[in-house]
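To be precise, the following lines are model_37.cif, and they hold mmCIF, C-alpha atoms.
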```cif
data_my_file
loop_
_atom_site.label_atom_id
_atom_site.label_comp_id
_atom_site.auth_asym_id
_atom_site.auth_seq_id
_atom_site.Cartn_x
_atom_site.Cartn_y
_atom_site.Cartn_z
CA MET A 1 11.23 34.73 22.66
CA LYS A 2 10.71 33.86 19.01
CA ASP A 3 12.45 30.52 19.50
CA GLU A 4 10.15 29.60 22.39
CA GLU A 5 7.04 30.52 20.37
CA SER A 6 8.16 28.48 17.35
CA VAL A 7 8.67 25.40 19.52
CA ILE A 8 5.08 25.40 20.76
CA ALA A 9 3.46 26.56 17.50
CA GLY A 10 1.21 24.51 15.26
CA LEU A 11 -0.82 21.39 15.95
CA SER A 12 1.56 20.35 18.73
CA THR A 13 -0.02 23.00 20.97
CA LEU A 14 -3.05 20.71 21.26
CA LEU A 15 -0.99 17.98 22.94
CA ASN A 16 -1.92 18.83 26.50
CA ALA A 17 -0.62 16.10 28.81
CA LEU A 18 -3.65 16.20 31.12
CA ASN A 19 -6.09 15.61 28.26
CA ILE A 20 -3.89 13.25 26.26
CA PHE A 21 -3.26 10.79 29.06
CA SER A 22 -6.91 10.87 30.06
CA ALA A 23 -7.80 9.34 26.70
CA HIS A 24 -8.57 5.65 26.18
CA TYR A 25 -5.55 5.00 23.96
CA VAL A 26 -2.35 6.90 23.17
CA SER A 27 0.39 5.88 20.76
CA VAL A 28 3.48 7.81 19.62
CA ALA A 29 5.33 6.50 16.56
CA VAL A 30 8.29 7.47 14.39
CA ASP A 31 8.50 5.82 10.94
CA VAL A 32 11.69 6.05 8.89
CA ARG A 33 11.98 4.77 5.34
CA ARG A 34 13.99 5.31 2.17
CA VAL A 35 12.26 6.97 -0.78
CA CYS A 36 13.28 7.68 -4.36
CA LYS A 37 14.23 11.22 -5.31
CA GLU A 38 14.67 12.57 -8.83
CA SER A 39 13.62 9.37 -10.66
CA CYS A 40 15.41 7.18 -8.10
CA SER A 41 18.81 8.62 -9.01
CA LYS A 42 19.07 9.69 -5.38
CA ILE A 43 17.78 8.09 -2.21
CA ALA A 44 16.25 10.27 0.50
CA ILE A 45 15.22 9.48 4.06
CA GLU A 46 11.57 10.11 4.93
CA LEU A 47 10.65 10.67 8.59
CA ILE A 48 7.01 10.44 9.69
CA GLN A 49 6.06 11.38 13.26
CA SER A 50 2.56 10.47 14.38
CA VAL A 51 0.47 10.59 17.53
CA SER A 52 -2.65 8.38 17.67
CA ILE A 53 -5.25 9.21 20.32
CA VAL A 54 -8.65 7.59 20.93
CA PHE A 55 -11.29 9.57 22.79
CA ASP A 56 -14.76 8.38 23.75
CA PRO A 57 -16.98 11.48 24.14
CA PRO A 58 -20.25 9.56 24.86
CA VAL A 59 -18.71 8.14 28.04
CA SER A 60 -17.58 11.50 29.44
CA GLN A 61 -20.54 13.52 28.11
CA GLN A 62 -23.50 11.29 29.08
CA LYS A 63 -24.02 9.70 25.64
CA LYS A 64 -23.43 12.97 23.78
CA GLN A 65 -20.81 12.56 21.11
CA ASP A 66 -20.26 16.22 20.25
CA TRP A 67 -16.58 17.04 20.01
CA SER A 68 -14.28 19.96 19.33
CA PHE A 69 -10.67 20.93 19.91
CA VAL A 70 -11.59 22.54 23.22
CA LYS A 71 -13.57 19.53 24.47
CA LEU A 72 -10.93 16.98 23.43
CA PHE A 73 -7.67 18.83 24.04
CA GLY A 74 -8.73 21.57 26.45
CA SER A 75 -7.64 24.37 24.12
CA SER A 76 -8.29 25.79 20.69
CA LEU A 77 -5.62 26.07 18.02
CA LEU A 78 -3.79 29.39 18.26
CA SER A 79 -1.31 29.21 15.37
CA THR A 80 0.17 27.10 12.62
CA CYS A 81 3.72 25.84 12.34
CA PRO A 82 5.78 28.60 10.69
CA VAL A 83 8.13 26.14 8.95
CA ALA A 84 5.39 23.84 7.62
CA THR A 85 4.46 24.08 3.94
CA THR A 86 0.91 22.89 4.58
CA SER A 87 -1.14 22.61 7.75
CA GLU A 88 -4.45 20.79 7.31
CA VAL A 89 -7.09 19.01 9.37
CA PHE A 90 -9.07 16.09 7.92
CA VAL A 91 -12.49 15.15 9.30
CA ASP A 92 -14.09 11.87 8.22
CA VAL A 93 -17.69 12.76 7.36
CA SER A 94 -18.65 9.41 5.79
CA SER A 95 -20.94 8.44 8.66
CA ASN A 96 -23.07 11.55 8.16
CA LYS A 97 -25.03 9.67 5.49
CA SER A 98 -25.53 6.34 7.25
CA GLY A 99 -25.33 7.18 10.96
CA ILE A 100 -26.63 9.91 13.24
CA PRO A 101 -26.58 13.22 11.31
CA PHE A 102 -24.16 15.87 12.53
CA ALA A 103 -23.15 19.39 11.56
CA LEU A 104 -19.66 20.88 11.33
CA ASN A 105 -19.17 24.22 13.05
CA HIS A 106 -16.93 25.36 10.16
CA LYS A 107 -17.45 24.68 6.48
CA PRO A 108 -14.57 22.62 5.01
CA HIS A 109 -12.48 24.18 2.28
CA GLU A 110 -12.60 20.94 0.29
CA ILE A 111 -14.35 17.57 0.24
CA ILE A 112 -12.25 14.55 -0.78
CA LYS A 113 -13.87 11.26 -1.81
CA GLU A 114 -12.09 7.91 -2.00
CA ASN A 115 -13.45 4.51 -3.05
CA PHE A 116 -12.31 1.18 -1.60
CA ASP A 117 -13.34 -2.42 -2.21
CA ASN A 118 -14.51 -4.09 0.98
CA ASP A 119 -14.41 -7.78 1.88
CA SER A 120 -18.02 -8.28 0.71
CA GLY A 121 -17.20 -7.37 -2.88
CA TYR A 122 -18.87 -3.96 -2.76
CA THR A 123 -17.27 -0.55 -3.19
CA GLU A 124 -17.05 1.56 -0.06
CA GLU A 125 -16.86 5.34 -0.32
CA ARG A 126 -15.31 7.62 2.25
CA GLU A 127 -15.59 11.38 2.42
CA TYR A 128 -13.20 13.70 4.19
CA GLY A 129 -13.64 17.36 4.98
CA VAL A 130 -10.35 19.25 4.58
CA TYR A 131 -9.57 22.42 6.55
CA ASN A 132 -6.69 24.63 5.44
CA LEU A 133 -5.49 26.12 8.72
CA LYS A 134 -3.30 28.76 7.09
CA LYS A 135 -6.37 30.18 5.35
CA MET A 136 -8.47 30.01 8.52
CA PHE A 137 -5.95 32.00 10.55
CA LYS A 138 -6.16 34.85 8.07
CA ASP A 139 -9.73 35.49 9.27
CA SER A 140 -9.49 34.39 12.89
CA LYS A 141 -7.02 34.48 15.79
CA TYR A 142 -7.91 30.95 16.92
CA VAL A 143 -9.47 27.84 15.39
CA ASN A 144 -11.84 25.45 17.17
CA ILE A 145 -13.07 22.82 14.73
CA GLY A 146 -15.92 20.71 16.07
CA VAL A 147 -19.02 18.64 15.37
CA THR A 148 -22.53 18.78 16.84
CA TYR A 149 -24.79 15.72 16.58
CA GLU A 150 -28.57 15.90 16.37
CA ASN A 151 -29.20 12.98 18.76
CA ILE A 152 -27.41 11.13 21.51
CA HIS A 153 -25.16 8.21 20.73
CA ILE A 154 -26.80 4.78 20.34
CA TYR A 155 -24.54 1.81 20.86
CA GLY A 156 -24.86 -0.79 18.12
CA ILE A 157 -23.04 -3.81 16.76
CA ILE A 158 -19.58 -2.90 15.50
CA PRO A 159 -18.13 -5.34 12.95
CA SER A 160 -14.86 -6.96 13.93
CA PRO A 161 -11.67 -5.73 12.26
CA ILE A 162 -10.20 -7.82 9.48
CA LEU A 163 -7.08 -8.59 11.51
CA TYR A 164 -6.87 -8.73 15.28
CA VAL A 165 -3.88 -9.89 17.33
CA ASP A 166 -3.68 -10.78 21.02
CA ARG A 167 -0.33 -11.39 22.77
CA LYS A 168 0.15 -12.47 26.36
CA VAL A 169 2.45 -14.29 28.77
CA ALA A 170 1.72 -17.95 29.45
CA GLY A 171 2.77 -20.13 32.37
CA TYR A 172 3.07 -19.46 36.08
CA GLY A 173 5.81 -19.14 38.67
CA GLN A 174 9.24 -17.55 38.25
CA GLU A 175 11.10 -20.38 36.56
CA GLN A 176 9.42 -21.12 33.21
CA GLY A 177 6.92 -19.37 30.98
CA GLY A 178 5.95 -18.72 27.40
CA ILE A 179 4.63 -16.22 24.89
CA HIS A 180 1.23 -16.93 23.37
CA VAL A 181 0.04 -14.98 20.31
CA THR A 182 -3.42 -15.34 18.75
CA PHE A 183 -4.12 -14.07 15.22
CA HIS A 184 -7.73 -13.54 14.14
CA ASN A 185 -8.37 -13.34 10.40
CA ASN A 186 -11.99 -12.23 10.02
CA HIS A 187 -11.94 -12.05 6.23
CA ARG A 188 -14.71 -14.29 4.94
CA LYS A 189 -13.10 -15.56 1.76
CA LYS A 190 -9.43 -14.59 1.52
CA SER A 191 -6.37 -15.77 3.35
CA LEU A 192 -4.13 -13.09 4.80
CA LYS A 193 -0.35 -13.00 4.65
CA ILE A 194 1.28 -11.22 7.58
CA LEU A 195 4.80 -10.38 8.74
CA TYR A 196 5.40 -10.95 12.45
CA TYR A 197 8.37 -9.11 13.98
CA ASP A 198 9.34 -9.45 17.64
CA MET A 199 12.34 -8.33 19.68
CA ILE A 200 12.35 -10.26 22.95
CA PRO A 201 14.65 -9.26 25.86
CA TRP A 202 17.67 -11.45 26.53
CA TYR A 203 16.61 -12.31 30.08
CA LEU A 204 13.80 -14.42 28.60
CA ARG A 205 15.75 -17.46 27.38
CA LEU A 206 13.74 -18.73 24.42
CA TYR A 207 13.69 -22.33 23.22
CA SER A 208 13.33 -22.07 19.45
CA HIS A 209 12.40 -25.76 19.10
CA THR A 210 9.20 -25.10 21.10
CA LEU A 211 7.83 -22.72 18.44
CA SER A 212 4.38 -23.99 17.51
CA ILE A 213 1.82 -22.51 15.08
CA LYS A 214 -1.68 -23.98 14.89
CA SER A 215 -4.92 -23.06 13.15
CA GLY A 216 -7.57 -25.19 14.78
CA ARG A 217 -6.07 -28.70 14.82
CA LYS A 218 -3.84 -28.09 11.81
CA LEU A 219 -0.17 -27.27 12.18
CA LEU A 220 1.04 -24.37 10.03
CA THR A 221 4.52 -23.91 8.62
CA PRO A 222 5.82 -20.33 8.26
CA ASP A 223 6.49 -19.14 4.72
CA TYR A 224 9.65 -17.52 6.06
CA LEU A 225 11.40 -17.83 9.43
CA HIS A 226 14.35 -15.93 10.82
CA TYR A 227 15.53 -16.33 14.40
CA GLN A 228 18.65 -14.81 15.93
CA PRO A 229 19.29 -15.86 19.53
CA ALA A 230 20.13 -13.27 22.13
CA LYS A 231 23.44 -12.60 23.83
CA ASP A 232 23.35 -11.89 27.54
CA ARG A 233 23.44 -8.14 28.24
CA THR A 234 24.35 -7.47 24.58
CA ARG A 235 21.38 -8.01 22.23
CA PRO A 236 17.78 -9.30 22.41
CA HIS A 237 16.19 -12.22 20.58
CA HIS A 238 15.14 -11.46 17.01
CA LEU A 239 12.12 -13.44 15.80
CA GLU A 240 10.69 -12.70 12.37
CA LEU A 241 8.36 -14.86 10.32
CA VAL A 242 5.84 -14.69 7.49
CA LEU A 243 2.52 -16.47 8.03
CA THR A 244 -0.47 -17.13 5.79
CA LEU A 245 -3.62 -17.03 7.89
CA PRO A 246 -6.55 -19.09 6.53
CA PRO A 247 -9.80 -17.18 5.87
CA HIS A 248 -12.13 -16.69 8.82
CA SER A 249 -9.78 -18.47 11.23
CA LYS A 250 -7.99 -18.19 14.54
CA THR A 251 -4.29 -19.04 14.49
CA GLU A 252 -2.28 -19.55 17.67
CA MET A 253 1.49 -19.27 18.01
CA SER A 254 3.44 -20.12 21.15
CA ILE A 255 7.05 -20.38 22.26
CA GLN A 256 8.49 -21.35 25.63
CA PHE A 257 11.22 -19.65 27.67
CA ASP A 258 13.04 -19.72 30.99
CA PHE A 259 13.63 -16.73 33.23
CA ALA A 260 17.23 -15.65 33.65
CA PHE A 261 18.86 -14.68 36.96
CA LEU A 262 20.06 -11.09 36.94
CA LYS A 263 22.77 -9.44 38.95
CA TRP A 264 21.43 -7.59 41.94
CA THR A 265 22.65 -4.29 40.45
CA GLU A 266 20.57 -4.88 37.26
CA TYR A 267 17.20 -4.71 38.98
CA PRO A 268 15.16 -1.49 38.81
CA PRO A 269 14.09 0.30 42.01
CA ASP A 270 10.67 -1.39 41.94
CA ALA A 271 11.91 -4.90 41.14
CA ASN A 272 8.75 -6.66 42.33
CA HIS A 273 6.66 -4.76 39.78
CA GLY A 274 8.23 -6.79 36.98
CA PHE A 275 9.97 -6.15 33.67
CA TYR A 276 8.40 -4.92 30.45
CA ALA A 277 8.90 -6.66 27.10
CA GLY A 278 8.17 -4.45 24.10
CA SER A 279 5.36 -4.89 21.61
CA ALA A 280 5.50 -7.16 18.61
CA VAL A 281 4.81 -5.64 15.18
CA ILE A 282 2.49 -7.20 12.60
CA SER A 283 2.46 -5.85 9.04
CA THR A 284 0.07 -6.83 6.25
CA LEU A 285 -1.78 -5.61 3.16
CA LEU A 286 -5.58 -5.34 3.29
CA ASP A 287 -8.11 -4.98 0.50
CA THR A 288 -10.54 -3.05 2.70
CA VAL A 289 -10.45 -0.10 5.09
CA ARG A 290 -13.00 -1.54 7.51
CA ASN A 291 -12.21 -0.45 11.07
CA CYS A 292 -9.12 1.39 9.82
CA SER A 293 -8.27 5.07 10.14
CA LYS A 294 -6.15 6.64 7.44
CA PHE A 295 -5.39 9.95 5.80
CA PRO A 296 -6.85 10.39 2.33
CA GLY A 297 -4.35 10.05 -0.48
CA SER A 298 -1.70 8.67 1.85
CA VAL A 299 0.95 7.10 -0.38
CA HIS A 300 2.77 5.28 2.40
CA GLN A 301 -0.46 3.49 3.40
CA ARG A 302 -2.05 2.73 0.05
CA LEU A 303 0.00 0.47 -2.25
CA ASP A 304 -0.72 -1.20 -5.58
CA LYS A 305 -1.68 -4.52 -3.97
CA GLY A 306 -3.70 -3.14 -1.08
CA ILE A 307 -3.67 -0.90 1.96
CA PHE A 308 -0.70 -1.26 4.25
CA LEU A 309 -1.57 -1.91 7.88
CA ARG A 310 0.79 -2.10 10.84
CA ILE A 311 -0.41 -3.37 14.23
CA TYR A 312 1.41 -3.15 17.56
CA THR A 313 0.49 -5.76 20.14
CA GLN A 314 0.27 -5.36 23.89
CA ILE A 315 3.47 -5.07 25.89
CA LEU A 316 4.27 -7.93 28.26
CA LEU A 317 4.88 -7.65 31.98
CA VAL A 318 7.02 -10.52 33.25
CA SER A 319 8.12 -11.19 36.83
CA LEU A 320 11.70 -12.41 37.09
CA PRO A 321 13.19 -14.22 40.12
CA THR A 322 13.77 -11.40 42.59
CA PRO A 323 16.24 -11.59 45.50
CA ASP A 324 15.43 -10.39 48.99
CA PHE A 325 16.70 -6.83 48.88
CA SER A 326 15.97 -6.39 52.60
CA MET A 327 18.70 -8.88 53.57
CA PRO A 328 21.58 -6.31 53.54
CA TYR A 329 19.52 -4.05 55.77
CA ASN A 330 18.83 -6.93 58.17
CA VAL A 331 22.54 -7.82 58.29
CA ILE A 332 23.51 -4.22 59.02
CA CYS A 333 20.94 -3.96 61.82
CA LEU A 334 22.00 -7.27 63.37
CA THR A 335 25.70 -6.40 63.19
CA CYS A 336 25.18 -2.98 64.75
CA THR A 337 23.07 -4.51 67.53
CA VAL A 338 25.73 -7.14 68.36
CA VAL A 339 28.51 -4.56 68.34
CA ALA A 340 26.50 -2.21 70.58
CA LEU A 341 25.68 -4.97 73.09
CA ALA A 342 29.30 -6.17 73.14
CA PHE A 343 30.84 -2.71 73.35
CA GLY A 344 28.95 -1.66 76.49
CA PRO A 345 30.14 -4.42 78.89
CA ILE A 346 33.70 -4.42 77.49
CA HIS A 347 33.94 -0.66 77.93
CA ASN A 348 32.68 -0.86 81.52
CA ILE A 349 35.11 -3.66 82.44
CA THR A 350 38.15 -1.96 80.94
CA THR A 351 37.47 1.50 82.37
CA LYS A 352 36.46 0.63 85.95
#
```

Output the file's structure in the form of structure tokens.
Amino acid sequence: MKDEESVIAGLSTLLNALNIFSAHYVSVAVDVRRVCKESCSKIAIELIQSVSIVFDPPVSQQKKQDWSFVKLFGSSLLSTCPVATTSEVFVDVSSNKSGIPFALNHKPHEIIKENFDNDSGYTEEREYGVYNLKKMFKDSKYVNIGVTYENIHIYGIIPSPILYVDRKVAGYGQEQGGIHVTFHNNHRKKSLKILYYDMIPWYLRLYSHTLSIKSGRKLLTPDYLHYQPAKDRTRPHHLELVLTLPPHSKTEMSIQFDFAFLKWTEYPPDANHGFYAGSAVISTLLDTVRNCSKFPGSVHQRLDKGIFLRIYTQILLVSLPTPDFSMPYNVICLTCTVVALAFGPIHNITTK
């Protein structure tokens, strides 16, 4: 019984499938990296598990943006993780000064302030309310952190993020196609260096000579390019390149491919639905936190030269040439019909 309780203890108890998959966006990630230990004399492996969820309370609550654990996840928090050293909840309260005023239903144990330089040259300050859950459970059996706004939500103009990426399948038919990626650098003055990483399935036969990168009418050359072709049924394509995006620009990258013919045993049950190609990963360093969510004091996000940002693009749904899976059934039916029609007369002739 203790083992079962420890499995469902802590913040993971809020991950109710019905509420999670009713959200506008859900992302589960596992980050693994090497870190120095004891003045870099030893190397340790750091594992970070994260779940990103985007809710939109004004849509489901008739323009009311009040939220709480119960309203978002359908349950309050009943315990903390027994093996965790710390268990904290951070609430970004920066908009309480500039936006619609709101009130927290519990007073934070601590207020953390961080300053960042934005793309306009001004310093941006963010405030975070920190709740120590282990202290809260000493006075209460459950925790339901929430916010109540004074007025309803008013939709305004939201500034575009510094970096935005759109990835989609180009072409038509089931013979040839392509991958088209659009990079938007909305920084007014500075160029942005990004790392593009993509693992493309082997059944999309890429033509590396068709790789084209344009910003307006100008052709761009990657600062670094690595391409490893795929091997059928063994490994996918590996495309990795470093690009410098001009300030306030739209850069387009495209590459062509052919669809491969699969064995009939390699198709999934719903073959006509198509095949999924995983997301591409874009990594960069930003000098602003505009339109970015982050934990305060996060070392793995904030570096000496900027704030590390990783973006995952949309997955691709491609339709491969699909055989007629009903043909074996038709052959079986036709064969059985012919045998049945032939067996009757022959049996009557030979037995009478």

- Task: Using all atoms listed in the file, determine which residues lie at most 6 Å from region 109-111 of chain A, disregarding the query and same-chain residues fewer than 4 positions distant; provide the list as a list of chain:residue names.
- Result: A:Tyr128, A:Gly129, A:Val130, A:Tyr131

- Message: To one decimal place in Å, what is the distance between CA of Gly171 (chain A) and CA of Pro229 (chain A)?
- Response: 21.4 Å

- Message: Once the PyMOL selection byres ((chain A and resi 146) around 7) has been evaluated on this model, what residues remain selected, and can you format them as a PyMOL selection string?
- Response: chain A and resi 67-69+104-105+144-145+147-148

- Query: Which distance in Å separates CA of Ile213 (chain A) and CA of Ser319 (chain A), to one decimal?
  - Reply: 25.3 Å

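You can rank A:Ile200, A:Ser212, A:Ala271, A:Lys189 by their closest distance to Pro247 (chain A) using only C-alpha atoms, and at the top of that list sits A:Lys189.
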
- Would you be able to write out as a PyMOL selection string which residues have an atom within 12 Å of (-22.3, 7.5, 8.8) in the file's coordinates, counting all atoms listed in the file? chain A and resi 92-102+124-128+149

- Pull out every residue that the PyMOL selection byres ((chain A and resi 208) around 10) matches in the shown coordinates and put them as a list of chain:residue names. A:Arg205, A:Leu206, A:Tyr207, A:His209, A:Thr210, A:Leu211, A:Ser212, A:Tyr227, A:Gln228, A:Pro229, A:Leu239, A:Ile255, A:Gln256, A:Phe257

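Polymer residues near (-9.7, 10.0, 22.6): counting all atoms listed in the file with a cut-off of 10 Å, they are A:Asn19, A:Ile20, A:Phe21, A:Ser22, A:Ala23, A:His24, A:Tyr25, A:Val26, A:Ser52, A:Ile53, A:Val54, A:Phe55, A:Asp56, A:Pro57, A:Leu72, A:Phe73.
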
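Interatomic distance, CA of Ile332 (chain A) against CA of Gly344 (chain A): 18.5 Å.
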
Pull out region 75-113 of chain A, keep C-alpha atoms, and write it as a PDB file, in the first residue's frame.
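What follows is the written file decode11.pdb:
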```pdb
ATOM      1  CA  SER A  75      -8.325  18.182  -8.093  1.00  0.00           C
ATOM      2  CA  SER A  76      -6.395  19.883  -5.348  1.00  0.00           C
ATOM      3  CA  LEU A  77      -2.928  18.803  -4.277  1.00  0.00           C
ATOM      4  CA  LEU A  78      -3.097  16.167  -1.547  1.00  0.00           C
ATOM      5  CA  SER A  79       0.572  15.486  -0.781  1.00  0.00           C
ATOM      6  CA  THR A  80       4.165  16.155  -1.726  1.00  0.00           C
ATOM      7  CA  CYS A  81       6.675  13.705  -3.116  1.00  0.00           C
ATOM      8  CA  PRO A  82       8.285  11.913  -0.144  1.00  0.00           C
ATOM      9  CA  VAL A  83      11.644  11.496  -1.909  1.00  0.00           C
ATOM     10  CA  ALA A  84      11.883  15.089  -3.175  1.00  0.00           C
ATOM     11  CA  THR A  85      14.207  17.492  -1.367  1.00  0.00           C
ATOM     12  CA  THR A  86      12.134  20.515  -2.349  1.00  0.00           C
ATOM     13  CA  SER A  87       8.607  20.851  -3.693  1.00  0.00           C
ATOM     14  CA  GLU A  88       7.698  24.358  -4.832  1.00  0.00           C
ATOM     15  CA  VAL A  89       5.163  26.139  -7.018  1.00  0.00           C
ATOM     16  CA  PHE A  90       6.086  29.338  -8.883  1.00  0.00           C
ATOM     17  CA  VAL A  91       3.428  31.837  -9.947  1.00  0.00           C
ATOM     18  CA  ASP A  92       4.368  34.656 -12.327  1.00  0.00           C
ATOM     19  CA  VAL A  93       2.843  37.792 -10.804  1.00  0.00           C
ATOM     20  CA  SER A  94       4.540  40.315 -13.112  1.00  0.00           C
ATOM     21  CA  SER A  95       1.319  41.196 -14.935  1.00  0.00           C
ATOM     22  CA  ASN A  96      -0.351  42.270 -11.687  1.00  0.00           C
ATOM     23  CA  LYS A  97       1.245  45.703 -12.111  1.00  0.00           C
ATOM     24  CA  SER A  98       0.568  46.307 -15.803  1.00  0.00           C
ATOM     25  CA  GLY A  99      -2.498  44.174 -16.573  1.00  0.00           C
ATOM     26  CA  ILE A 100      -5.797  43.393 -14.886  1.00  0.00           C
ATOM     27  CA  PRO A 101      -5.222  43.250 -11.098  1.00  0.00           C
ATOM     28  CA  PHE A 102      -5.646  39.873  -9.431  1.00  0.00           C
ATOM     29  CA  ALA A 103      -5.370  38.414  -5.944  1.00  0.00           C
ATOM     30  CA  LEU A 104      -3.732  35.171  -4.853  1.00  0.00           C
ATOM     31  CA  ASN A 105      -5.797  32.961  -2.565  1.00  0.00           C
ATOM     32  CA  HIS A 106      -2.645  32.087  -0.579  1.00  0.00           C
ATOM     33  CA  LYS A 107       0.173  34.427   0.349  1.00  0.00           C
ATOM     34  CA  PRO A 108       3.493  33.321  -1.215  1.00  0.00           C
ATOM     35  CA  HIS A 109       6.318  32.363   1.099  1.00  0.00           C
ATOM     36  CA  GLU A 110       8.769  34.358  -1.015  1.00  0.00           C
ATOM     37  CA  ILE A 111       8.854  36.849  -3.885  1.00  0.00           C
ATOM     38  CA  ILE A 112      11.680  36.475  -6.419  1.00  0.00           C
ATOM     39  CA  LYS A 113      12.579  39.289  -8.824  1.00  0.00           C
TER      40      LYS A 113
END
```
